[in-house]
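Report on the structure given below.
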Amino acid sequence: MNEPDKKIIIVGAGIAGLTAAAYLSRAKYDVLLTEKNKEIGGLVNTIERDGFFFDTAARSIENSGIVKPFLYDLGINLEIMNSPISVGIESDVINIHSEESLGDYKNLLEKLYPEKIEDIQRIVSFMEKMMKDTATLYGIDNPLLKDLKKDKKFLFKELLPYLGKFLLTVRRMNRLNEPVEEFLEKMSSYRPLTDIIDQHFFKNTPTSFAMGYFYVYLDYIYPMGGTGQIPKAIGQKIIEWGGKIQTETEISKIIPSKNQVIDINGNLYPYDYLIWCADLKTLYKRLNTHNLDDKISRKIKEQKEKFVSHRGADSVFSLFLGVDEPLEKYESISHGHFFYTPSKKGLGELNRSILKSLIDNFENTPKEEILQWLDKFCKLNTYEISIPALRDSSLAPKGKTGLEISVLFDFDLFKKVQEASWYEEFKTEVENRILKTLSNSIYPDIEEKILFRFSFTPLSILNRVGSSEGAIVGWSYEKTPPVANSLLKIYSSVKTPIPKVLQAGQWTYSPAGIPIAILTGLLAAQKIIKNKI
Ligand SMILES: Cc1cc2nc3c(=O)[nH]c(=O)nc-3n(C[C@H](O)[C@H](O)[C@H](O)COP(=O)(O)OP(=O)(O)OC[C@H]3O[C@@H](n4cnc5c(N)ncnc54)[C@H](O)[C@@H]3O)c2cc1C
C-alpha cells in the first residue's frame with residue numbers, strides 16, 4: 001500500500017541514503033534527505049585540485065549484479081566502462097583480463113616462491129573454485145532491481161533456472177566464514193606466501209570473500225568523470241522527483257516517542273518514517289528513549305550495547321599526488337587500478353602482534369621506535385594504487401598524471417599519535433615513507449616529479465563521514481558482526497527495534513561496500529512503499 005503523503009526523513013546522503021531517497025521520491029513520498037557535509041556521496045566522492053580529479057574514497061566500483069541494473073532502473077545514463085585491474089609484486093606485474101588470468105597469478109607466485117610450488121597449486125586451485133562461486137553469486141542482475149511482472153524473459157530464462165544454483169552457492173559460501181589468514185595457514189606454513197595473499201584484505205576477512213576475490217577483479221567498473229558522478233546523478237533524480245536534499249545538516253538527536261529529529265543548530269524535523277543511513281553507533285548514542293514502551297526500550301538498550309561493544313572494520317591511509325609525468329609512463333606499468341606489493345617478504349607480525357604491542361605501550365615507546373616500525377610497515381605492505389586518468393583521460397591535465405595510493409592503516413595508532421600531539425608530523429612521515437618505497441621500486445624517481453601532494457588518514461574518515469574507527473566498509477570482521485551476515489537474511493537487515501525507524505548502508509549488513517549500501521537503501525525504501533515496517 002502506497003502512502004504518498006507520508007513524510008520520510010533520511011539521515012546521511014551516502015550511497016545508501018541517496019538510494020532510499022531516490023526510490024521514495026520516485027514513489028511520490030515527501031522526502032527530506034539530510035547530510036552533515038557540504039557535499040553528498042559520503043564515501044563515494046570525486047574532488048578536483050588544479051585540474052586533477054581524485055576519487056577520495058572508493059577507487060572503482062564492483063558491479064556485483066547490482067550497480068549497473070540499479071542505475072538503469074533509476075533511468076541514469078552514465079557512461080560506464082570496465083575498470084581492469086593489475087596485480088604486481090616487486091618488479092613483476094600481471095594484467096587481469098579474464099578468469100584465465102588466475103594462471104598468470106599462479107605463475108607469478110611460483111616465480112617468486114619456487115620452493116613452495118605445491119602449496120601454491122593447492123591455494124590457487126581453491127581460488128579457482130571460489131572464483132566460480134563468486135561468479136555465481138554475482139552472475140545475473142539482482143532480481144530486486146528488476147520488474148519481474150513485466151520482464152518475463154528475465155524471470156523465466158534467467159532467474160528461475162539460476163535460483164537452485166544460487167541457493168546452493170550461498171549455503172556453501174556461508175560455511176566458509178573462517179578468517180582467511182587461518183584458512184591459508186592450513187594450506188601453507190610458509191608465512192611470506194600466505195601474507196602476500198591475505199595482506200590485500202581486511203583483517204579476518206571471511207575466506208569465501210577473500211578467496212573468490214579474483215572474480216571481483218573482473219567485475220570492477222568506473223564511470224566517466226569519476227566515481228563521484230554516481231551520487232551526483234542520483235541526487236539530480238531525487239530533486240527531479242520532488243525530494244529535498246539538505247546538506248550541512250547534522251542530526252544530533254532522534255526522539256522516536258515524538259517522531260522527531262533535531263539537528264545541531266536546534267532545528268526540528270517531524271517524520272512519519274525515518275531511515276538512518278549513517279554510522280549505527282552514532283544513531284544509538286544520539287537516541288532519546290524517553291516515553292517509549294518498556295519492552296521497546298529494553299530491546300533498544302540491548303541493541304545499543306551490542307553495537308557499542310563492536311568495532312568498525314579496518315581503516316585506510318590515502319596519499320594523493322599530482323605528478324609532472326605523462327600518463328604513458330604509468331600506462332606502460334599497469335592498468336588504472338593496481339594492487340602492488342614492493343616486497344615478497346610479507347608483513348609477518350608487523351600489522352598484528354607487533355602493532356598491538358606498540359599501541360598498548362605507546363606512551364612508553366620512543367618516537368624513533370614507532371618510526372622504525374613505520375619504515376618496515378611501508379616497505380612490506382600492499383598498496384592499492386588508482387590512476388583516474390588511465391580510465392578517463394580528461395581527469396588529469398595533458399602531460400601530467402594524478403595518483404591515489406592507499407594502504408590499510410590502523411585507526412588506534414593514529415589516535416594515539418594525535419593524543420600525543422604529533423599527528424601532522426606522523427602524517428608527513430607516512431607520506432614520505434610511501435613515496436620512498438614506491439620511488440625505490442615500481443615508480444623510480446617519482447619523488448622528484450611531484451607537483452603537489454595531500455593525504456587522508458583514518459581520522460579524516462572519522463571526521464568526514466562519522467564512521468566509527470574510521471572504518472571504510474562497516475563492521476570489523478574480527479568478531480561476528482552485530483548485524484546480518486548471510487544473504488538469506490538481507491531482507492530483515494534493515495529493521496531496527498526503534499518504532500518507525502529503519503536502517504540502511506554499510507553498517508546494516510556485513511560484509512558491506514557500495515553494492516550492499518545500494519541494496520539495503522532499496523530494501524528500506526521498499527519496506528515503506530509496501531507498508532511492511
Ligand atoms: C578508500 C576506500 C576504498 C573503498 N573501496 C571500495 C571498493 O572497492 N568497493 C566497495 O564496494 N566499497 C569500497 N569502499 C567502501 C564504500 O565506499 C562504502 O562502503 C559505501 O560508500 C558506504 O555507503 P553508505 O551510504 O553506507 O555510508 P557513507 O558513505 O558513510 O554515508 C553516510 C553519510 O552519512 C553522513 N552522516 C553521518 N552522520 C550524520 C548525521 N548525524 N547527520 C547527517 N548526516 C550524517 C555522512 O557524512 C555520510 O555522507 C571504499 C571506501 C574507501 C574509503
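We label chains A, B, ... in the order they appear in the C-alpha cells, count residues from 1 in each chain, and number ligands from 1 in the order shown.
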Could you give me, as a PyMOL selection string, the residues within 9 Å of A:Phe54, counting only C-alpha atoms and dropping anything in the same chain fewer than 4 positions from it? chain A and resi 45-49+59+226+320+387-388+395+402-404
Can I get the selected residues back with N, CA and C atoms, as a CSV table (one decimal), in the first residue's frame?
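Result saved to selection_36.csv:
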```csv
chain,number,residue,atom,x,y,z
A,45,ASN,N,33.1,9.7,-3.7
A,45,ASN,CA,33.3,11.2,-3.9
A,45,ASN,C,34.5,11.4,-4.8
A,46,THR,N,34.3,12.4,-5.7
A,46,THR,CA,35.5,12.8,-6.6
A,46,THR,C,35.7,14.3,-6.4
A,47,ILE,N,37.0,14.6,-6.1
A,47,ILE,CA,37.3,16.1,-5.9
A,47,ILE,C,38.3,16.5,-7.0
A,48,GLU,N,38.3,17.9,-7.2
A,48,GLU,CA,39.2,18.4,-8.2
A,48,GLU,C,40.3,19.3,-7.5
A,49,ARG,N,41.5,19.1,-8.0
A,49,ARG,CA,42.6,20.0,-7.5
A,49,ARG,C,43.5,20.4,-8.6
A,59,ARG,N,37.8,3.6,-5.2
A,59,ARG,CA,38.6,3.9,-6.4
A,59,ARG,C,37.9,3.5,-7.6
A,226,GLY,N,34.6,10.0,-13.0
A,226,GLY,CA,35.0,9.6,-11.7
A,226,GLY,C,33.8,9.0,-10.9
A,320,PHE,N,47.4,11.4,-2.1
A,320,PHE,CA,47.0,11.8,-3.4
A,320,PHE,C,48.2,12.7,-4.0
A,387,ILE,N,44.7,5.3,-10.8
A,387,ILE,CA,45.1,6.4,-11.6
A,387,ILE,C,43.9,6.8,-12.5
A,388,PRO,N,43.1,7.7,-12.0
A,388,PRO,CA,41.8,8.0,-12.7
A,388,PRO,C,41.9,8.3,-14.2
A,395,LEU,N,40.6,13.3,-16.8
A,395,LEU,CA,40.7,13.5,-15.3
A,395,LEU,C,42.1,14.0,-14.8
A,402,GLY,N,47.6,12.0,-12.2
A,402,GLY,CA,47.2,12.0,-10.8
A,402,GLY,C,47.2,10.6,-10.3
A,403,LEU,N,47.7,10.4,-9.1
A,403,LEU,CA,47.7,9.1,-8.5
A,403,LEU,C,47.1,9.1,-7.1
A,404,GLU,N,46.4,8.0,-6.8
A,404,GLU,CA,45.8,7.8,-5.5
A,404,GLU,C,46.4,6.5,-4.9
```
Give the residues close to ligand 1, within 7 Å, counting only C-alpha atoms and all ligand atoms; write them as number ranges by chain. A: 11-17, 34-37, 40-44, 56-62, 249-252, 277-279, 316, 318, 406, 464-467, 472-474, 504-507, 512-515, 517
Kindly save the residues from that selection, with N, CA and C atoms included, as a compact mmCIF listing (two decimals), in the first residue's frame.
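Listing of out.txt after writing:
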```txt
# COMPACT_ATOMS: atom_id res chain seq x y z
N VAL A 11 18.60 10.09 6.98
CA VAL A 11 19.80 10.74 7.54
C VAL A 11 21.04 10.14 6.87
N GLY A 12 21.83 10.98 6.20
CA GLY A 12 23.07 10.53 5.56
C GLY A 12 22.91 10.39 4.07
N ALA A 13 23.58 11.28 3.30
CA ALA A 13 23.47 11.22 1.84
C ALA A 13 24.67 10.51 1.22
N GLY A 14 25.06 9.36 1.83
CA GLY A 14 25.98 8.45 1.15
C GLY A 14 25.15 7.68 0.13
N ILE A 15 25.77 6.63 -0.44
CA ILE A 15 25.07 5.88 -1.48
C ILE A 15 23.78 5.26 -0.97
N ALA A 16 23.78 4.79 0.30
CA ALA A 16 22.58 4.14 0.83
C ALA A 16 21.44 5.15 0.98
N GLY A 17 21.74 6.32 1.57
CA GLY A 17 20.70 7.33 1.78
C GLY A 17 20.18 7.86 0.46
N THR A 34 18.89 14.42 4.72
CA THR A 34 19.77 15.36 5.42
C THR A 34 21.21 14.83 5.41
N GLU A 35 22.16 15.73 5.24
CA GLU A 35 23.57 15.34 5.16
C GLU A 35 24.41 16.34 5.94
N LYS A 36 25.34 15.83 6.76
CA LYS A 36 26.12 16.74 7.59
C LYS A 36 27.17 17.53 6.79
N ASN A 37 27.66 16.95 5.71
CA ASN A 37 28.68 17.65 4.92
C ASN A 37 28.05 18.60 3.90
N ILE A 40 27.24 15.73 -1.14
CA ILE A 40 26.61 14.42 -0.97
C ILE A 40 27.59 13.34 -1.45
N GLY A 41 27.28 12.08 -1.18
CA GLY A 41 28.09 10.96 -1.69
C GLY A 41 28.79 10.18 -0.59
N GLY A 42 29.07 10.83 0.57
CA GLY A 42 29.75 10.12 1.66
C GLY A 42 31.05 9.51 1.18
N LEU A 43 31.17 8.19 1.30
CA LEU A 43 32.41 7.51 0.93
C LEU A 43 32.52 7.23 -0.57
N VAL A 44 31.69 7.87 -1.37
CA VAL A 44 31.88 7.83 -2.83
C VAL A 44 31.93 9.30 -3.27
N THR A 56 38.20 10.22 -3.78
CA THR A 56 38.79 10.24 -2.44
C THR A 56 38.48 8.99 -1.63
N ALA A 57 37.44 8.25 -2.01
CA ALA A 57 37.17 7.02 -1.25
C ALA A 57 37.23 5.85 -2.23
N ALA A 58 36.10 5.19 -2.51
CA ALA A 58 36.17 4.01 -3.39
C ALA A 58 36.82 4.42 -4.72
N ARG A 59 37.80 3.62 -5.16
CA ARG A 59 38.58 3.95 -6.37
C ARG A 59 37.89 3.50 -7.64
N SER A 60 37.18 2.38 -7.57
CA SER A 60 36.28 1.98 -8.64
C SER A 60 35.24 1.10 -7.95
N ILE A 61 34.32 0.59 -8.70
CA ILE A 61 33.13 0.01 -8.06
C ILE A 61 32.87 -1.39 -8.58
N GLU A 62 32.57 -2.33 -7.66
CA GLU A 62 32.21 -3.67 -8.14
C GLU A 62 30.75 -3.65 -8.55
N THR A 249 23.57 19.67 7.40
CA THR A 249 22.53 19.45 8.41
C THR A 249 22.85 18.15 9.15
N GLU A 250 23.49 18.28 10.30
CA GLU A 250 23.86 17.08 11.07
C GLU A 250 22.78 16.80 12.11
N ILE A 251 22.25 15.60 12.06
CA ILE A 251 21.21 15.23 13.03
C ILE A 251 21.88 14.84 14.35
N SER A 252 21.46 15.50 15.44
CA SER A 252 22.14 15.25 16.71
C SER A 252 21.22 14.59 17.74
N CYS A 277 20.91 6.21 7.61
CA CYS A 277 21.87 5.66 6.63
C CYS A 277 23.28 6.11 6.97
N ALA A 278 23.63 6.11 8.24
CA ALA A 278 24.97 6.53 8.68
C ALA A 278 25.42 5.55 9.77
N ASP A 279 26.49 5.91 10.45
CA ASP A 279 27.07 5.06 11.48
C ASP A 279 26.02 4.66 12.54
N VAL A 316 42.04 3.25 6.45
CA VAL A 316 42.97 3.36 5.33
C VAL A 316 43.70 4.71 5.39
N SER A 318 45.39 7.35 2.75
CA SER A 318 45.42 7.59 1.29
C SER A 318 46.27 8.80 0.98
N SER A 406 46.80 4.02 -1.64
CA SER A 406 46.31 3.80 -0.28
C SER A 406 46.79 2.49 0.31
N ARG A 464 35.10 13.09 8.57
CA ARG A 464 34.29 13.45 7.40
C ARG A 464 32.92 12.80 7.41
N VAL A 465 32.87 11.47 7.56
CA VAL A 465 31.55 10.82 7.46
C VAL A 465 31.05 10.26 8.80
N GLY A 466 31.86 10.45 9.86
CA GLY A 466 31.43 9.97 11.18
C GLY A 466 31.49 8.47 11.32
N SER A 467 32.38 7.83 10.55
CA SER A 467 32.49 6.37 10.55
C SER A 467 33.30 5.91 11.76
N ILE A 472 35.98 1.74 6.69
CA ILE A 472 35.57 2.09 5.33
C ILE A 472 34.51 1.14 4.78
N VAL A 473 34.26 0.03 5.45
CA VAL A 473 33.19 -0.86 4.94
C VAL A 473 32.27 -1.36 6.07
N GLY A 474 32.05 -0.56 7.09
CA GLY A 474 31.16 -1.01 8.17
C GLY A 474 31.90 -1.81 9.24
N ALA A 504 19.92 1.55 6.90
CA ALA A 504 20.45 1.07 5.62
C ALA A 504 21.91 1.50 5.53
N GLY A 505 22.66 0.83 4.62
CA GLY A 505 24.04 1.23 4.39
C GLY A 505 25.04 0.21 4.91
N GLN A 506 26.29 0.64 4.95
CA GLN A 506 27.40 -0.29 5.22
C GLN A 506 27.40 -0.84 6.65
N TRP A 507 26.61 -0.24 7.57
CA TRP A 507 26.58 -0.75 8.95
C TRP A 507 25.43 -1.72 9.17
N ALA A 512 30.17 -5.48 3.78
CA ALA A 512 29.45 -4.44 3.02
C ALA A 512 30.39 -3.72 2.06
N GLY A 513 29.83 -2.76 1.37
CA GLY A 513 30.55 -1.96 0.37
C GLY A 513 29.47 -1.25 -0.42
N ILE A 514 29.81 -0.74 -1.58
CA ILE A 514 28.83 0.04 -2.33
C ILE A 514 27.60 -0.79 -2.75
N PRO A 515 27.79 -2.01 -3.30
CA PRO A 515 26.59 -2.75 -3.70
C PRO A 515 25.63 -3.02 -2.53
N ALA A 517 25.35 -1.16 0.18
CA ALA A 517 24.73 0.12 0.55
C ALA A 517 23.52 0.39 -0.36
```
Excluding A:Leu459 and any residue of its chain fewer than 3 positions from it, enumerate the residues within 9 Å of it, using only C-alpha atoms, and give them as a list of chain:residue names. A:Ser315, A:Phe411, A:Phe414, A:Lys415, A:Phe456, A:Leu462, A:Asn463, A:Arg464, A:Glu469, A:Gly470
Do a neighbour search on A:Lys532 at 12 Å with only C-alpha atoms, toss out local chain neighbours closer than 3 positions, and write the hits as a PyMOL selection string. chain A and resi 1-3+273+491-492+494-495+500+502+523-529
Could you write out that same residue set with N, CA and C atoms as a compact mmCIF listing (two decimals), in the first residue's frame?
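Just written: out_1.txt:
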```txt
# COMPACT_ATOMS: atom_id res chain seq x y z
N MET A 1 0.85 -1.20 0.00
CA MET A 1 0.00 0.00 0.00
C MET A 1 0.88 1.25 0.00
N ASN A 2 0.62 2.13 -0.92
CA ASN A 2 1.42 3.34 -1.03
C ASN A 2 0.79 4.47 -0.21
N GLU A 3 1.60 5.17 0.57
CA GLU A 3 1.06 6.29 1.37
C GLU A 3 1.84 7.55 1.03
N TYR A 273 8.25 8.29 8.93
CA TYR A 273 9.26 7.22 8.99
C TYR A 273 10.64 7.86 8.85
N TYR A 491 16.84 -9.26 3.78
CA TYR A 491 15.54 -8.56 3.82
C TYR A 491 15.28 -7.94 5.19
N SER A 492 15.58 -8.71 6.26
CA SER A 492 15.25 -8.19 7.60
C SER A 492 16.37 -7.29 8.15
N VAL A 494 17.33 -4.45 7.46
CA VAL A 494 17.06 -3.01 7.53
C VAL A 494 16.14 -2.63 8.70
N LYS A 495 15.64 -3.65 9.42
CA LYS A 495 14.73 -3.34 10.55
C LYS A 495 15.52 -2.92 11.78
N LYS A 500 9.15 2.99 13.86
CA LYS A 500 9.13 3.83 12.65
C LYS A 500 10.53 4.20 12.14
N LEU A 502 14.05 2.75 10.27
CA LEU A 502 14.75 1.69 9.54
C LEU A 502 16.21 2.07 9.43
N LEU A 523 16.01 -1.78 -0.09
CA LEU A 523 15.13 -2.60 0.75
C LEU A 523 14.40 -1.76 1.80
N ALA A 524 15.11 -0.76 2.37
CA ALA A 524 14.47 0.10 3.36
C ALA A 524 13.34 0.90 2.69
N ALA A 525 13.60 1.42 1.49
CA ALA A 525 12.56 2.17 0.77
C ALA A 525 11.37 1.27 0.47
N GLN A 526 11.68 0.03 0.04
CA GLN A 526 10.58 -0.89 -0.29
C GLN A 526 9.74 -1.25 0.93
N LYS A 527 10.37 -1.35 2.10
CA LYS A 527 9.61 -1.66 3.33
C LYS A 527 8.55 -0.58 3.55
N ILE A 528 8.93 0.67 3.28
CA ILE A 528 7.97 1.77 3.48
C ILE A 528 6.92 1.75 2.37
N ILE A 529 7.39 1.59 1.12
CA ILE A 529 6.45 1.62 -0.01
C ILE A 529 5.43 0.48 0.12
```
If you measure from atom CA of A:Leu18 to atom CA of A:Val501, what distance in Å do you get, rounded to one decimal? 16.7 Å
Write out as a ChimeraX atom specification which residues come within 10 Å of A:Ala484 when counting only C-alpha atoms, dropping same-chain ones fewer than 2 positions away. /A:480-482,486-494,507-511
From the DSSP assignment of the backbone, select every residue of stretch 180-347 of chain A that is strand (DSSP E), and format the answer as a PyMOL selection string. chain A and resi 220-223+244-246+251-255+260-263+268-270+273-276+315-323+337-341
